[in-house]
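File shown here: query.cif, holding mmCIF, C-alpha atoms; chains and numbers go by the auth columns.
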data_my_file
#
loop_
_atom_site.group_PDB
_atom_site.id
_atom_site.type_symbol
_atom_site.label_atom_id
_atom_site.label_comp_id
_atom_site.label_asym_id
_atom_site.label_seq_id
_atom_site.Cartn_x
_atom_site.Cartn_y
_atom_site.Cartn_z
_atom_site.B_iso_or_equiv
_atom_site.auth_seq_id
_atom_site.auth_asym_id
ATOM 1 C CA MET A 1 -14.948 -6.834 0.890 0.00 1 A
ATOM 2 C CA LEU A 2 -12.600 -6.650 -2.082 0.00 2 A
ATOM 3 C CA VAL A 3 -9.596 -4.351 -2.195 0.00 3 A
ATOM 4 C CA TYR A 4 -8.198 -3.142 -5.500 0.00 4 A
ATOM 5 C CA ASN A 5 -4.661 -2.105 -4.640 0.00 5 A
ATOM 6 C CA ILE A 6 -2.432 0.048 -6.855 0.00 6 A
ATOM 7 C CA SER A 7 1.161 0.481 -5.687 0.00 7 A
ATOM 8 C CA PHE A 8 3.309 3.289 -7.084 0.00 8 A
ATOM 9 C CA GLN A 9 6.986 4.229 -7.055 0.00 9 A
ATOM 10 C CA ILE A 10 7.631 7.795 -8.144 0.00 10 A
ATOM 11 C CA ALA A 11 10.834 9.586 -9.126 0.00 11 A
ATOM 12 C CA PRO A 12 11.945 11.548 -6.044 0.00 12 A
ATOM 13 C CA ASN A 13 12.186 14.872 -7.906 0.00 13 A
ATOM 14 C CA LEU A 14 8.511 14.579 -8.941 0.00 14 A
ATOM 15 C CA GLN A 15 7.048 13.461 -5.624 0.00 15 A
ATOM 16 C CA GLY A 16 5.343 16.749 -4.677 0.00 16 A
ATOM 17 C CA GLN A 17 3.809 17.323 -8.113 0.00 17 A
ATOM 18 C CA TRP A 18 2.724 13.695 -8.321 0.00 18 A
ATOM 19 C CA LEU A 19 1.041 13.775 -4.898 0.00 19 A
ATOM 20 C CA THR A 20 -0.916 16.883 -5.868 0.00 20 A
ATOM 21 C CA TRP A 21 -1.957 15.229 -9.144 0.00 21 A
ATOM 22 C CA MET A 22 -2.979 12.019 -7.385 0.00 22 A
ATOM 23 C CA LYS A 23 -5.185 13.872 -4.911 0.00 23 A
ATOM 24 C CA SER A 24 -6.707 16.312 -7.394 0.00 24 A
ATOM 25 C CA LYS A 25 -6.987 14.178 -10.562 0.00 25 A
ATOM 26 C CA PHE A 26 -6.291 10.454 -10.276 0.00 26 A
ATOM 27 C CA ILE A 27 -8.204 9.560 -7.112 0.00 27 A
ATOM 28 C CA PRO A 28 -11.246 11.657 -8.131 0.00 28 A
ATOM 29 C CA MET A 29 -11.240 9.913 -11.561 0.00 29 A
ATOM 30 C CA VAL A 30 -11.298 6.502 -9.905 0.00 30 A
ATOM 31 C CA GLN A 31 -13.913 7.499 -7.334 0.00 31 A
ATOM 32 C CA GLY A 32 -15.998 9.063 -10.120 0.00 32 A
ATOM 33 C CA THR A 33 -16.590 5.613 -11.589 0.00 33 A
ATOM 34 C CA GLU A 34 -18.780 4.868 -8.550 0.00 34 A
ATOM 35 C CA CYS A 35 -17.371 1.326 -8.446 0.00 35 A
ATOM 36 C CA PHE A 36 -15.763 1.745 -5.023 0.00 36 A
ATOM 37 C CA VAL A 37 -17.292 2.669 -1.675 0.00 37 A
ATOM 38 C CA ASP A 38 -14.109 3.985 -0.036 0.00 38 A
ATOM 39 C CA HIS A 39 -10.388 4.438 -0.527 0.00 39 A
ATOM 40 C CA LYS A 40 -7.200 4.799 1.516 0.00 40 A
ATOM 41 C CA PHE A 41 -3.974 6.366 0.243 0.00 41 A
ATOM 42 C CA TYR A 42 -0.758 5.435 2.056 0.00 42 A
ATOM 43 C CA GLU A 43 2.902 6.327 1.891 0.00 43 A
ATOM 44 C CA ILE A 44 5.004 3.217 2.479 0.00 44 A
ATOM 45 C CA ASP A 45 7.992 3.446 4.818 0.00 45 A
ATOM 46 C CA ILE A 46 11.051 2.477 2.807 0.00 46 A
ATOM 47 C CA ALA A 47 14.829 2.723 2.989 0.00 47 A
ATOM 48 C CA GLU A 48 16.234 6.193 2.328 0.00 48 A
ATOM 49 C CA ASP A 49 17.933 5.060 -0.882 0.00 49 A
ATOM 50 C CA GLN A 50 14.662 3.872 -2.470 0.00 50 A
ATOM 51 C CA ALA A 51 12.203 5.909 -4.518 0.00 51 A
ATOM 52 C CA PRO A 52 9.095 7.203 -2.718 0.00 52 A
ATOM 53 C CA THR A 53 6.457 4.478 -2.662 0.00 53 A
ATOM 54 C CA TYR A 54 2.697 4.764 -2.166 0.00 54 A
ATOM 55 C CA THR A 55 -0.334 2.531 -2.299 0.00 55 A
ATOM 56 C CA LEU A 56 -3.932 3.359 -3.133 0.00 56 A
ATOM 57 C CA GLN A 57 -6.491 0.892 -1.800 0.00 57 A
ATOM 58 C CA LEU A 58 -9.981 0.996 -3.261 0.00 58 A
ATOM 59 C CA PHE A 59 -12.763 -0.900 -1.492 0.00 59 A
ATOM 60 C CA THR A 60 -15.882 -2.566 -2.900 0.00 60 A
ATOM 61 C CA PRO A 61 -18.188 -5.183 -1.411 0.00 61 A
ATOM 62 C CA ASP A 62 -19.464 -6.070 -4.904 0.00 62 A
ATOM 63 C CA PRO A 63 -17.374 -8.266 -7.249 0.00 63 A
ATOM 64 C CA GLU A 64 -19.523 -7.056 -10.162 0.00 64 A
ATOM 65 C CA LYS A 65 -18.529 -3.432 -9.458 0.00 65 A
ATOM 66 C CA LEU A 66 -14.862 -4.431 -9.514 0.00 66 A
ATOM 67 C CA SER A 67 -15.362 -6.228 -12.842 0.00 67 A
ATOM 68 C CA GLN A 68 -17.213 -3.195 -14.165 0.00 68 A
ATOM 69 C CA TYR A 69 -14.275 -0.956 -13.209 0.00 69 A
ATOM 70 C CA GLN A 70 -11.734 -3.301 -14.769 0.00 70 A
ATOM 71 C CA GLU A 71 -13.676 -3.678 -18.011 0.00 71 A
ATOM 72 C CA ALA A 72 -14.953 -0.114 -18.505 0.00 72 A
ATOM 73 C CA SER A 73 -12.611 2.299 -16.745 0.00 73 A
ATOM 74 C CA SER A 74 -9.258 0.883 -15.654 0.00 74 A
ATOM 75 C CA SER A 75 -7.478 1.101 -19.023 0.00 75 A
ATOM 76 C CA ALA A 76 -8.354 4.758 -19.628 0.00 76 A
ATOM 77 C CA ILE A 77 -7.444 5.772 -16.079 0.00 77 A
ATOM 78 C CA MET A 78 -4.135 3.919 -16.116 0.00 78 A
ATOM 79 C CA ASP A 79 -3.384 5.360 -19.572 0.00 79 A
ATOM 80 C CA GLU A 80 -3.833 8.815 -18.027 0.00 80 A
ATOM 81 C CA LEU A 81 -1.235 7.882 -15.398 0.00 81 A
ATOM 82 C CA LEU A 82 1.176 6.671 -18.071 0.00 82 A
ATOM 83 C CA ASN A 83 0.591 9.665 -20.352 0.00 83 A
ATOM 84 C CA THR A 84 1.141 12.108 -17.478 0.00 84 A
ATOM 85 C CA TRP A 85 4.116 10.509 -15.703 0.00 85 A
ATOM 86 C CA GLY A 86 5.582 7.966 -18.117 0.00 86 A
ATOM 87 C CA GLU A 87 8.405 5.889 -16.755 0.00 87 A
ATOM 88 C CA GLN A 88 8.824 8.280 -13.837 0.00 88 A
ATOM 89 C CA CYS A 89 6.004 6.416 -12.066 0.00 89 A
ATOM 90 C CA PHE A 90 6.194 2.638 -11.855 0.00 90 A
ATOM 91 C CA HIS A 91 2.998 0.903 -10.718 0.00 91 A
ATOM 92 C CA PHE A 92 1.483 -2.525 -10.248 0.00 92 A
ATOM 93 C CA ILE A 93 -1.991 -3.703 -9.333 0.00 93 A
ATOM 94 C CA THR A 94 -3.220 -6.466 -7.031 0.00 94 A
ATOM 95 C CA THR A 95 -6.678 -7.507 -5.927 0.00 95 A
ATOM 96 C CA MET A 96 -7.196 -8.711 -2.374 0.00 96 A
ATOM 97 C CA ARG A 97 -10.004 -9.984 -0.157 0.00 97 A
ATOM 98 C CA ILE A 98 -10.366 -8.837 3.440 0.00 98 A
ATOM 99 C CA VAL A 99 -10.539 -11.993 5.560 0.00 99 A
ATOM 100 C CA ASN A 100 -10.940 -10.720 9.129 0.00 100 A
#
I'd like the structure from this file rewritten - as structure tokens, please.
Amino acid sequence: MLVYNISFQIAPNLQGQWLTWMKSKFIPMVQGTECFVDHKFYEIDIAEDQAPTYTLQLFTPDPEKLSQYQEASSSAIMDELLNTWGEQCFHFITTMRIVN
């Protein structure tokens, strides 16, 4: 199983609006690509003086589906994130393999 992980740090004053947008727009856009079989959305416990931090994990058993997402959909979806939140939402992406 492959995990496509997107981590986000959001400006504290935008956290509520951003969470609503993630749940109603961003996650449905990603799931609408039909490249992933499941997802998990987590809030990361951090120090009080740090910006709110979240991670979205998207699961696929098929490396070809992950490549399809990266080639056909990722840029447009991440552009939507940037166009909506700009520098108020920092993100980075990692790909992982479940080994247990």
Excluding Phe90 of chain A and residues on its chain fewer than 3 positions from it, collect all residues at most 8 Å away from it, counting all atoms listed in the file, and give them as a PyMOL selection string. chain A and resi 8-10+87
Hey, what's within 7 Å of segment 55-68 of chain A if we count all atoms listed in the file and toss same-chain stuff fewer than 5 positions away? As number ranges by chain, please? A: 1-8, 35-43
Local residues around (11.2, 10.9, -3.6), at most 8 Å away, using only C-alpha atoms, as an NGL selection string: :A and (10-15 or 50-52)
Mind giving me the straight-line distance from atom CA of Trp18 of chain A to atom CA of Ala72 of chain A in Å, one decimal? 24.6 Å
Report, in Å with one decimal, the straight-line distance from atom CA of Thr20 of chain A to atom CA of Cys89 of chain A.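 If I compute the distance from atom CA of Thr20 of chain A to atom CA of Cys89 of chain A, I get 14.0 Å.
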Just the number, please: distance in Å from atom CA of Phe26 of chain A to atom CA of Leu81 of chain A, one decimal. 7.6 Å
